[in-house]
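Everything below belongs to protein.txt, which stores compact mmCIF, C-alpha atoms.
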# COMPACT_ATOMS: atom_id res chain seq x y z
CA MET A 1 6.69 6.80 2.26
CA LYS A 2 9.11 5.61 -0.41
CA THR A 3 10.26 2.15 -1.41
CA ILE A 4 13.95 1.26 -1.59
CA THR A 5 13.55 0.70 -5.29
CA LYS A 6 12.23 4.21 -5.73
CA LEU A 7 15.04 5.62 -3.67
CA LEU A 8 17.67 3.95 -5.77
CA LEU A 9 15.94 4.90 -8.99
CA CYS A 10 15.69 8.52 -8.00
CA CYS A 11 19.28 8.74 -6.88
CA SER A 12 20.59 7.15 -10.03
CA LEU A 13 18.62 9.48 -12.23
CA LEU A 14 19.76 12.61 -10.50
CA ALA A 15 23.30 11.47 -10.12
CA GLY A 16 23.65 11.67 -13.87
CA GLY A 17 24.02 15.44 -14.18
CA ALA A 18 23.75 18.85 -12.62
CA SER A 19 23.52 21.37 -15.44
CA MET A 20 27.22 22.15 -14.91
CA SER A 21 29.37 23.12 -17.87
CA THR A 22 32.80 21.44 -18.05
CA GLY A 23 33.73 22.29 -21.60
CA THR A 24 33.72 18.61 -22.61
CA SER A 25 33.34 18.05 -26.34
CA VAL A 26 30.55 15.60 -27.18
CA ASP A 27 30.15 13.77 -30.49
CA ALA A 28 26.33 13.53 -30.54
CA ALA A 29 24.72 11.63 -33.41
CA ALA A 30 21.89 13.40 -35.21
CA ALA A 31 18.92 11.44 -33.98
CA GLY A 32 15.99 13.72 -34.66
CA LYS A 33 13.71 14.85 -31.88
CA VAL A 34 13.49 12.35 -29.02
CA SER A 35 10.44 12.46 -26.75
CA ILE A 36 10.34 11.00 -23.25
CA LEU A 37 7.15 9.99 -21.49
CA LEU A 38 7.17 9.38 -17.75
CA ASP A 39 4.12 7.33 -16.76
CA GLY A 40 2.45 8.23 -20.04
CA TYR A 41 2.91 12.00 -19.83
CA PRO A 42 5.68 14.08 -21.47
CA LEU A 43 8.65 14.99 -19.35
CA PRO A 44 9.90 18.41 -20.49
CA PHE A 45 13.61 18.92 -21.03
CA PRO A 46 15.56 22.20 -21.34
CA VAL A 47 17.97 20.39 -23.64
CA GLN A 48 16.86 17.86 -26.21
CA PRO A 49 17.79 14.25 -25.39
CA ALA A 50 20.42 12.95 -27.78
CA VAL A 51 21.88 9.68 -29.00
CA MET A 52 25.62 9.63 -28.41
CA LYS A 53 27.46 6.72 -29.98
CA GLY A 54 24.37 4.55 -29.76
CA THR A 55 23.40 5.53 -26.19
CA THR A 56 20.38 7.71 -25.45
CA MET A 57 21.51 10.52 -23.13
CA VAL A 58 19.16 12.79 -21.19
CA PRO A 59 19.76 15.98 -19.19
CA PHE A 60 19.61 15.48 -15.48
CA ARG A 61 17.75 18.54 -14.23
CA ALA A 62 14.28 17.77 -15.60
CA ILE A 63 14.45 14.29 -14.11
CA SER A 64 15.64 15.65 -10.77
CA GLU A 65 12.71 18.05 -10.65
CA ALA A 66 10.33 15.22 -11.53
CA LEU A 67 11.67 12.94 -8.80
CA GLY A 68 12.70 15.42 -6.10
CA ILE A 69 16.22 14.23 -5.33
CA MET A 70 18.86 16.33 -3.56
CA VAL A 71 22.06 16.67 -5.58
CA THR A 72 25.43 18.27 -4.81
CA TRP A 73 28.16 19.15 -7.28
CA ASN A 74 31.90 18.99 -6.56
CA GLN A 75 33.60 21.25 -9.09
CA GLN A 76 37.11 20.13 -8.16
CA LEU A 77 36.39 16.42 -8.57
CA LYS A 78 33.79 16.91 -11.34
CA GLN A 79 31.53 14.64 -9.28
CA ILE A 80 27.77 14.66 -8.80
CA THR A 81 26.45 13.16 -5.55
CA ALA A 82 22.78 12.34 -5.13
CA THR A 83 21.30 11.31 -1.81
CA LYS A 84 17.83 10.25 -0.74
CA ASN A 85 16.71 9.53 2.81
CA GLY A 86 13.94 6.99 3.22
CA ASN A 87 12.36 4.70 5.76
CA SER A 88 15.10 2.12 5.20
CA GLY A 89 18.03 4.52 5.41
CA SER A 90 19.98 6.78 3.11
CA GLN A 91 20.86 5.95 -0.49
CA LYS A 92 23.86 7.56 -2.18
CA VAL A 93 24.94 7.66 -5.81
CA VAL A 94 28.12 9.28 -7.12
CA LEU A 95 28.94 9.88 -10.78
CA THR A 96 32.01 11.52 -12.27
CA LEU A 97 31.96 13.37 -15.56
CA GLY A 98 33.85 11.40 -18.16
CA SER A 99 33.82 8.19 -16.09
CA LYS A 100 31.90 5.06 -17.13
CA THR A 101 31.68 3.88 -13.52
CA ALA A 102 29.05 4.94 -11.00
CA LEU A 103 29.12 4.35 -7.25
CA VAL A 104 25.81 3.19 -5.75
CA ASN A 105 26.16 3.01 -1.97
CA GLY A 106 29.88 2.45 -2.51
CA VAL A 107 29.43 -0.34 -5.06
CA LYS A 108 30.87 0.20 -8.54
CA ILE A 109 28.27 0.02 -11.31
CA PRO A 110 29.26 0.19 -15.01
CA LEU A 111 27.59 2.76 -17.25
CA ALA A 112 26.81 2.37 -20.93
CA ALA A 113 28.34 5.81 -21.46
CA ALA A 114 30.06 8.35 -19.27
CA PRO A 115 28.16 11.48 -18.21
CA GLN A 116 28.97 14.27 -20.64
CA THR A 117 28.18 17.95 -21.10
CA LEU A 118 25.98 19.15 -23.96
CA SER A 119 24.75 22.74 -24.32
CA ASN A 120 25.65 23.48 -20.69
CA SER A 121 23.64 20.51 -19.42
CA THR A 122 25.16 17.35 -18.06
CA MET A 123 23.78 14.31 -19.86
CA ILE A 124 23.37 10.86 -18.32
CA PRO A 125 22.68 7.50 -19.98
CA LEU A 126 18.97 6.76 -19.93
CA SER A 127 19.68 3.02 -19.66
CA PHE A 128 21.41 3.43 -16.28
CA PHE A 129 18.37 3.45 -14.07
CA SER A 130 16.43 0.92 -16.17
CA GLN A 131 19.26 -1.62 -15.98
CA GLN A 132 20.04 -1.16 -12.31
CA PHE A 133 16.97 0.10 -10.51
CA GLY A 134 13.82 -1.53 -11.80
CA ALA A 135 12.06 1.10 -13.91
CA GLN A 136 10.52 -0.16 -17.13
CA VAL A 137 11.76 1.54 -20.29
CA GLN A 138 10.52 1.06 -23.83
CA TRP A 139 11.80 2.61 -27.05
CA ASN A 140 9.62 3.33 -30.10
CA GLN A 141 11.91 3.76 -33.07
CA ALA A 142 9.20 5.05 -35.41
CA SER A 143 8.18 7.93 -33.13
CA LYS A 144 11.57 8.23 -31.40
CA THR A 145 9.81 8.03 -28.05
CA VAL A 146 11.16 6.66 -24.79
CA SER A 147 8.41 5.52 -22.42
CA ILE A 148 9.38 5.19 -18.76
CA THR A 149 7.16 3.53 -16.16
CA SER A 150 8.20 4.48 -12.65
CA PRO A 151 8.50 1.75 -10.00
CA ARG A 152 5.59 0.95 -7.74
CA GLU A 153 5.55 3.38 -4.84
CA ASP A 154 4.29 3.30 -1.28
CA MET A 155 2.42 6.59 -0.85
CA TYR A 156 -0.59 7.84 1.10
CA THR A 157 -3.91 6.68 -0.34
CA LEU A 158 -7.46 7.66 0.57
CA GLY A 159 -10.57 5.98 -0.79
CA PHE A 160 -13.99 7.61 -0.79
CA TYR A 161 -16.88 5.40 0.34
CA ALA A 162 -20.19 6.97 -0.66
CA ILE A 163 -23.29 6.27 -2.71
CA SER A 164 -23.59 2.49 -3.15
CA SER A 165 -19.99 1.59 -2.41
CA TYR A 166 -20.63 -1.56 -0.39
CA ASP A 167 -19.93 -3.95 -3.28
CA GLU A 168 -16.29 -2.86 -3.15
CA SER A 169 -15.97 -2.55 0.60
CA SER A 170 -13.44 -5.40 0.47
CA LEU A 171 -10.99 -2.91 -1.09
CA MET A 172 -10.92 -0.71 2.02
CA PRO A 173 -7.85 -2.41 3.56
CA GLY A 174 -5.85 -1.33 0.50
CA PHE A 175 -6.13 2.32 1.49
CA ASP A 176 -4.49 4.24 4.31
CA ALA A 177 -7.71 6.14 4.95
CA VAL A 178 -11.39 5.91 4.00
CA ALA A 179 -13.75 8.88 3.81
CA PHE A 180 -17.38 7.93 4.38
CA GLY A 181 -19.76 10.31 2.58
CA TRP A 182 -22.72 10.03 4.91
CA SER A 183 -23.47 13.65 5.75
CA HIS A 184 -24.08 16.91 3.92
CA ILE A 185 -25.19 20.53 4.07
CA ASP A 186 -28.80 20.67 2.87
CA GLU A 187 -30.59 23.34 0.82
CA ASN A 188 -31.28 25.34 3.95
CA GLY A 189 -27.63 25.43 4.96
CA GLN A 190 -28.18 22.87 7.72
CA PHE A 191 -25.84 19.99 8.50
CA THR A 192 -27.67 16.66 8.28
CA THR A 193 -27.29 12.92 7.81
CA SER A 194 -30.78 12.62 6.32
CA GLY A 195 -31.84 13.01 2.73
CA PRO A 196 -32.97 11.26 -0.46
CA ALA A 197 -31.59 7.82 -1.24
CA ASN A 198 -27.98 7.79 -2.43
CA GLN A 199 -27.51 11.47 -1.56
CA PHE A 200 -24.85 11.55 1.13
CA GLY A 201 -27.08 10.35 3.97
CA TRP A 202 -26.50 7.88 6.78
CA PRO A 203 -27.00 4.42 5.19
CA GLN A 204 -29.27 1.65 6.39
CA ALA A 205 -27.77 -1.43 8.00
CA ALA A 206 -27.32 -4.47 5.77
CA GLY A 207 -27.93 -7.30 8.19
CA ALA A 208 -25.06 -7.42 10.65
CA VAL A 209 -23.16 -4.80 8.65
CA THR A 210 -23.93 -1.33 9.99
CA PRO A 211 -22.36 2.03 9.16
CA GLU A 212 -20.81 2.00 12.62
CA SER A 213 -19.30 -1.45 12.06
CA LEU A 214 -17.67 -0.28 8.82
CA VAL A 215 -16.10 2.65 10.62
CA GLN A 216 -14.92 0.36 13.40
CA GLN A 217 -13.56 -2.14 10.89
CA THR A 218 -11.56 0.62 9.20
CA SER A 219 -9.95 1.55 12.49
CA GLN A 220 -9.23 -2.07 13.40
CA ILE A 221 -7.25 -2.69 10.21
CA GLY A 222 -5.12 0.36 10.91
CA ASP A 223 -6.74 2.74 8.45
CA THR A 224 -8.07 6.19 9.30
CA PRO A 225 -11.86 6.58 8.99
CA TYR A 226 -13.02 10.08 8.02
CA LEU A 227 -16.52 11.52 8.15
CA MET A 228 -17.04 13.25 4.82
CA VAL A 229 -19.27 16.35 4.80
CA TYR A 230 -20.53 17.15 1.32
CA GLY A 231 -22.12 20.37 0.15
CA VAL A 232 -22.63 22.40 -3.00
CA ASP A 233 -23.46 26.08 -3.23
CA GLY A 234 -26.02 25.61 -6.00
CA LYS A 235 -28.70 27.55 -4.12
CA GLY A 236 -26.41 29.57 -1.91
CA GLN A 237 -26.67 27.15 1.01
CA LEU A 238 -22.94 27.07 1.68
CA THR A 239 -22.67 30.85 1.43
CA GLN A 240 -25.54 31.11 3.91
CA ASN A 241 -23.70 28.83 6.32
CA ILE A 242 -20.33 30.56 6.22
CA GLU A 243 -21.92 34.02 6.42
CA ASN A 244 -24.13 33.25 9.43
CA GLU A 245 -21.93 33.10 12.51
CA GLN A 246 -24.50 31.28 14.66
CA LEU A 247 -25.37 28.74 11.95
CA GLN A 248 -21.69 28.14 11.31
CA LYS A 249 -21.08 27.52 15.01
CA GLU A 250 -23.96 25.04 15.18
CA THR A 251 -22.73 23.25 12.06
CA ILE A 252 -19.20 22.83 13.39
CA SER A 253 -20.51 21.60 16.74
CA LYS A 254 -22.72 18.97 15.07
CA ILE A 255 -19.97 17.74 12.76
CA SER A 256 -17.51 17.47 15.63
CA ALA A 257 -20.00 15.65 17.87
CA LEU A 258 -20.99 13.15 15.17
CA ALA A 259 -17.39 12.40 14.25
CA THR A 260 -16.51 11.80 17.89
CA ASP A 261 -19.61 9.77 18.78
CA LYS A 262 -19.33 7.45 15.77
CA GLY A 263 -15.63 6.70 16.11
CA PHE A 264 -14.26 8.67 13.17
CA LYS A 265 -10.65 9.84 13.35
CA GLY A 266 -11.12 12.89 11.19
CA VAL A 267 -13.35 14.92 8.89
CA VAL A 268 -13.17 15.56 5.14
CA LEU A 269 -14.84 18.80 4.10
CA ASP A 270 -16.05 18.59 0.50
CA LEU A 271 -17.83 21.92 0.14
CA GLU A 272 -18.02 22.76 -3.55
CA GLY A 273 -19.08 25.66 -5.74
CA LEU A 274 -17.86 28.64 -3.73
CA GLY A 275 -16.84 31.72 -5.66
CA LEU A 276 -18.46 30.99 -8.99
CA THR A 277 -19.86 34.53 -8.97
CA GLY A 278 -19.86 37.52 -6.66
CA ASP A 279 -17.11 38.85 -4.42
CA LYS A 280 -14.52 36.07 -4.53
CA ALA A 281 -12.19 37.72 -2.02
CA LYS A 282 -15.03 37.96 0.48
CA VAL A 283 -15.99 34.30 -0.03
CA LYS A 284 -12.38 33.21 0.42
CA ALA A 285 -12.10 35.10 3.69
CA GLN A 286 -15.38 33.67 5.00
CA TYR A 287 -14.45 30.10 4.09
CA ASN A 288 -11.01 30.55 5.65
CA THR A 289 -12.76 31.52 8.88
CA PHE A 290 -15.05 28.50 8.70
CA VAL A 291 -12.12 26.13 8.15
CA LYS A 292 -10.07 27.82 10.88
CA ASN A 293 -12.91 27.35 13.36
CA ILE A 294 -13.62 23.72 12.51
CA ALA A 295 -9.90 22.89 12.46
CA SER A 296 -9.55 24.30 15.97
CA GLU A 297 -12.57 22.31 17.19
CA LEU A 298 -11.43 19.03 15.62
CA HIS A 299 -7.76 19.29 16.50
CA ALA A 300 -8.68 19.97 20.11
CA LYS A 301 -10.38 16.56 20.10
CA GLY A 302 -7.48 14.82 18.40
CA LEU A 303 -9.29 14.59 15.06
CA LYS A 304 -7.76 15.33 11.65
CA LEU A 305 -9.14 17.70 9.05
CA SER A 306 -8.83 17.21 5.30
CA VAL A 307 -10.28 19.80 2.91
CA ALA A 308 -11.27 18.89 -0.65
CA VAL A 309 -10.87 21.80 -3.06
CA PRO A 310 -11.63 22.33 -6.75
CA PRO A 311 -8.65 22.79 -9.08
CA PRO A 312 -7.19 26.31 -9.30
CA ASN A 313 -7.61 26.19 -13.09
CA GLY A 314 -11.34 25.54 -12.73
CA ALA A 315 -14.36 27.82 -12.52
CA TYR A 316 -14.52 28.41 -8.76
CA GLY A 317 -12.61 31.27 -7.17
CA GLY A 318 -13.68 30.96 -3.54
CA TYR A 319 -10.74 28.94 -2.27
CA ASP A 320 -7.54 30.31 -0.72
CA TYR A 321 -5.29 27.28 -1.24
CA GLY A 322 -2.36 28.64 0.75
CA THR A 323 -4.36 29.47 3.86
CA LEU A 324 -6.45 26.31 3.70
CA ALA A 325 -3.29 24.19 3.45
CA LYS A 326 -1.94 25.79 6.62
CA LEU A 327 -5.19 25.23 8.52
CA ALA A 328 -5.93 21.66 7.41
CA ASP A 329 -3.87 18.50 7.68
CA ASP A 330 -4.05 18.17 3.92
CA LEU A 331 -5.83 19.40 0.79
CA ILE A 332 -7.46 17.01 -1.66
CA LEU A 333 -7.08 18.59 -5.08
CA MET A 334 -10.15 17.52 -7.07
CA ALA A 335 -8.46 17.90 -10.46
CA TYR A 336 -11.36 16.58 -12.48
CA ALA A 337 -14.76 17.46 -14.00
CA TYR A 338 -13.05 19.44 -16.76
CA GLY A 339 -15.26 17.84 -19.40
CA ASP A 340 -18.06 15.32 -19.70
CA GLN A 341 -16.68 13.24 -16.78
CA LYS A 342 -16.99 10.14 -18.96
CA SER A 343 -13.70 10.50 -20.81
CA PRO A 344 -10.27 10.64 -19.13
CA GLU A 345 -9.53 14.02 -17.64
CA PRO A 346 -7.03 15.96 -19.80
CA ASP A 347 -3.53 15.24 -18.49
CA ALA A 348 -2.32 18.74 -19.32
CA LYS A 349 -5.12 20.26 -17.24
CA VAL A 350 -4.36 18.03 -14.27
CA ASP A 351 -0.66 18.83 -14.60
CA GLU A 352 -1.44 22.54 -14.69
CA ALA A 353 -3.72 22.25 -11.64
CA VAL A 354 -0.98 20.59 -9.61
CA ARG A 355 1.63 23.15 -10.62
CA LEU A 356 -0.69 26.04 -9.75
CA ALA A 357 -1.57 24.50 -6.39
CA LEU A 358 2.11 23.99 -5.59
CA LYS A 359 2.65 27.73 -5.90
CA GLN A 360 0.47 28.16 -2.82
CA ALA A 361 0.71 24.92 -0.84
CA SER A 362 3.57 22.57 -0.01
CA ARG A 363 3.69 19.20 -1.74
CA ASP A 364 3.43 17.32 1.56
CA LYS A 365 -0.02 18.86 2.06
CA LEU A 366 -1.43 18.05 -1.40
CA VAL A 367 -3.34 14.87 -2.24
CA LEU A 368 -4.32 14.41 -5.89
CA GLY A 369 -7.98 13.50 -6.30
CA ILE A 370 -8.72 11.02 -9.09
CA SER A 371 -12.27 10.38 -10.31
CA MET A 372 -12.66 6.78 -11.47
CA SER A 373 -15.86 7.67 -13.32
CA SER A 374 -13.65 9.42 -15.87
CA GLU A 375 -10.49 7.33 -15.97
CA ASN A 376 -9.44 4.01 -17.47
CA ALA A 377 -6.51 1.69 -16.77
CA ASP A 378 -4.04 3.71 -18.84
CA SER A 379 -5.19 7.19 -17.82
CA VAL A 380 -5.37 6.46 -14.10
CA ASP A 381 -1.75 5.30 -14.23
CA THR A 382 -0.79 8.66 -15.72
CA LYS A 383 -2.67 10.55 -13.00
CA ILE A 384 -0.92 8.55 -10.27
CA GLY A 385 2.33 9.18 -12.13
CA LEU A 386 1.79 12.94 -11.87
CA ALA A 387 1.29 12.64 -8.12
CA LYS A 388 4.56 10.74 -7.90
CA ARG A 389 6.37 13.11 -10.28
CA TYR A 390 5.57 16.15 -8.14
CA GLY A 391 6.20 14.34 -4.86
CA LEU A 392 2.68 14.90 -3.56
CA LYS A 393 1.52 13.43 -0.28
CA GLY A 394 -0.63 10.88 -2.11
CA ILE A 395 -3.84 10.22 -4.02
CA ALA A 396 -7.54 10.21 -3.16
CA VAL A 397 -9.75 7.94 -5.25
CA TRP A 398 -13.38 8.78 -5.99
CA ARG A 399 -14.75 6.25 -5.30
CA LEU A 400 -15.25 2.67 -4.08
CA GLY A 401 -18.05 1.11 -6.08
CA ILE A 402 -16.75 2.20 -9.48
CA ILE A 403 -13.06 1.20 -9.36
CA GLY A 404 -13.64 -2.21 -10.92
CA ALA A 405 -10.86 -3.85 -12.93
CA ASP A 406 -8.70 -0.71 -12.73
CA TRP A 407 -7.73 -1.77 -9.19
CA THR A 408 -5.10 -4.14 -10.61
CA THR A 409 -3.53 -1.40 -12.71
CA MET A 410 -3.51 1.04 -9.81
CA ASN A 411 -1.92 -1.54 -7.55
CA GLN A 412 0.97 -1.85 -10.00
CA SER A 413 1.71 1.87 -9.69
CA VAL A 414 1.00 2.56 -6.02
CA LYS A 415 1.01 0.07 -3.16
CA LEU A 416 -2.56 -0.90 -2.31
CA ASP A 417 -2.03 -4.23 -0.57

Would you kindly transcribe this structure into structure tokens?
Amino acid sequence: MKTITKLLLCCSLLAGGASMSTGTSVDAAAAGKVSILLDGYPLPFPVQPAVMKGTTMVPFRAISEALGIMVTWNQQLKQITATKNGNSGSQKVVLTLGSKTALVNGVKIPLAAAPQTLSNSTMIPLSFFSQQFGAQVQWNQASKTVSITSPREDMYTLGFYAISSYDESSLMPGFDAVAFGWSHIDENGQFTTSGPANQFGWPQAAGAVTPESLVQQTSQIGDTPYLMVYGVDGKGQLTQNIENEQLQKETISKISALATDKGFKGVVLDLEGLGLTGDKAKVKAQYNTFVKNIASELHAKGLKLSVAVPPPNGAYGGYDYGTLAKLADDLILMAYAYGDQKSPEPDAKVDEAVRLALKQASRDKLVLGISMSSENADSVDTKIGLAKRYGLKGIAVWRLGIIGADWTTMNQSVKLD
């Protein structure tokens, strides 16, 4: 789901170069090291951005990888053509090396400087997309830093509703899906909706508002309600469940029946802590079997399955990301809890987690989990920016009830209304 603005932005960026050498001589002014931040996080470049006759020029390839645009190169014409297909049609941008005119859907657009070749990389004017396609660009002369804020994007969003989330239930229509955390695997490895207060149990009705009415309301507004099943292997309860074939069968049957009876459209499995110790390969295989079995049960009933997984650069080794991505409709990458969970999660760690996950699962299956208990207005924008940069399916926000004033900031980066 991409906006027209995003399509045009992406095309214009990628149209600026294709790492093709033409032998063009470039008179680049010595400008010192120039850094570029995309949504608050560094965008790496194989060739250093340069200032050429007063215009900041950047190599195309790093931007193309960040924004996922298809580009073709015509050696004979020295032309770069970038195309992007979206919900509103195809966008096409053509640039010619040495020419100060770009074609955007056939319309001539002037450039501040012509695309040029530097160190075997084709350089494009940074100002092109900011002037024509709506991205916000700021320049800090003292630090020689260019800060780019990507346009607001329409992407998949899931909000978790669990543990005293009712005070922000009005935010539910802003999401594409809502996962209700009202069930769990207990210390005996049993699936249940009962338990201590605020511990993933079925909530009490609040007057006319019942758990069932919230699920129904979610469906009526066009969102997808998920039953979230939480569990942690702190006392081996998850291991017990996935090792015991009969217990596993009973668990899957109960989850499926509850989801169907209560009007949910899918299930989110949030089973944490597998593979901290012991035979990690064995745990992976057992969990794969569990997920395969529940996926078969749910899909047969027309229900979706989403699996929340810890980050691959975390402590838990019991998750086979590639296999789980094939079995489930999507994976929620919980790229958080690296530190005290009170300060923003380290951007470099989140970036690394996404890159590692992408080695095993396709981007259209990955949803970046963001914990609002850690983030602030600036840091959450960076996390959303990483999801956009890597072209992930979307974001999953933990959780309603603690989003607060950051909702406004998030809504400026991803469409939530």

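Atom CA of A:Glu250 to atom CA of A:Val367 spans 28.8 Å [interatomic distance, one decimal].
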
Can you measure atom CA of A:Tyr338 to atom CA of A:Leu356 for me? One decimal in Å is fine.
15.7 Å

As an exercise, work out the distance from atom CA of A:Ala82 to atom CA of A:Pro125 in Å and give it to one decimal place.
15.6 Å

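Distance check against A:Leu276 using all atoms listed in the file: of A:Ala142, A:Ala315, A:Leu416, A:Met334, the minimum falls on A:Ala315.
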
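Distance check against A:Met410 using all atoms listed in the file: of A:Ala257, A:Met372, A:Val178, A:Ala208, the minimum falls on A:Met372.
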
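For A:Thr224, the residues within 8 Å (counting all atoms listed in the file, excluding itself and residues fewer than 5 positions away along the chain) are A:Asp176, A:Ala177, A:Val178, A:Thr218, A:Ser219, A:Phe264, A:Lys265, A:Gly266.
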
Using all atoms listed in the file: which of A:Val397, A:Ala357, A:Ala206, A:Leu77 has the shortest distance to A:Ala325:
A:Ala357

Please work out which residues fall within 10 Å of (-0.6, 21.2, 2.8), coordinates as given in the file, with only C-alpha atoms counting, and return them as a count of residues only.
26

Considering only C-alpha atoms, return as an NGL selection string whatever protein or nucleic-acid residues lie within 6 Å of A:Gln116, sequence-local ones (same chain, fewer than 3 positions apart) excluded.
:A and (97 or 122-123)

Compile the contact shell of A:Lys301 as a JSON list (two decimals) with C-alpha atoms, in the frame of the given file: residues with an atom at most 9 Å away, counting only C-alpha atoms, same-chain residues fewer than 5 positions apart removed.
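Final output, result.json:
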[["chain", "number", "residue", "atom", "x", "y", "z"],
["A", 256, "SER", "CA", -17.51, 17.47, 15.63],
["A", 260, "THR", "CA", -16.51, 11.80, 17.89],
["A", 296, "SER", "CA", -9.55, 24.30, 15.97]]

Extract, using all atoms listed in the file, all DNA, RNA and protein residues at most 9 Å from stretch 169-173 of chain A, discarding same-chain residues fewer than 4 positions from it, and format them as JSON, numbers by chain.
{"A": [159, 161, 165, 177, 178, 214, 218, 221, 222, 223, 400, 401, 407, 416, 417]}

Kindly indicate which residue among A:Asp381, A:Asp261, A:Glu352, A:Asp406 lies nearest to A:Asp39, using only C-alpha atoms for the distances.
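Under the stated criterion, the closest residue is A:Asp381.
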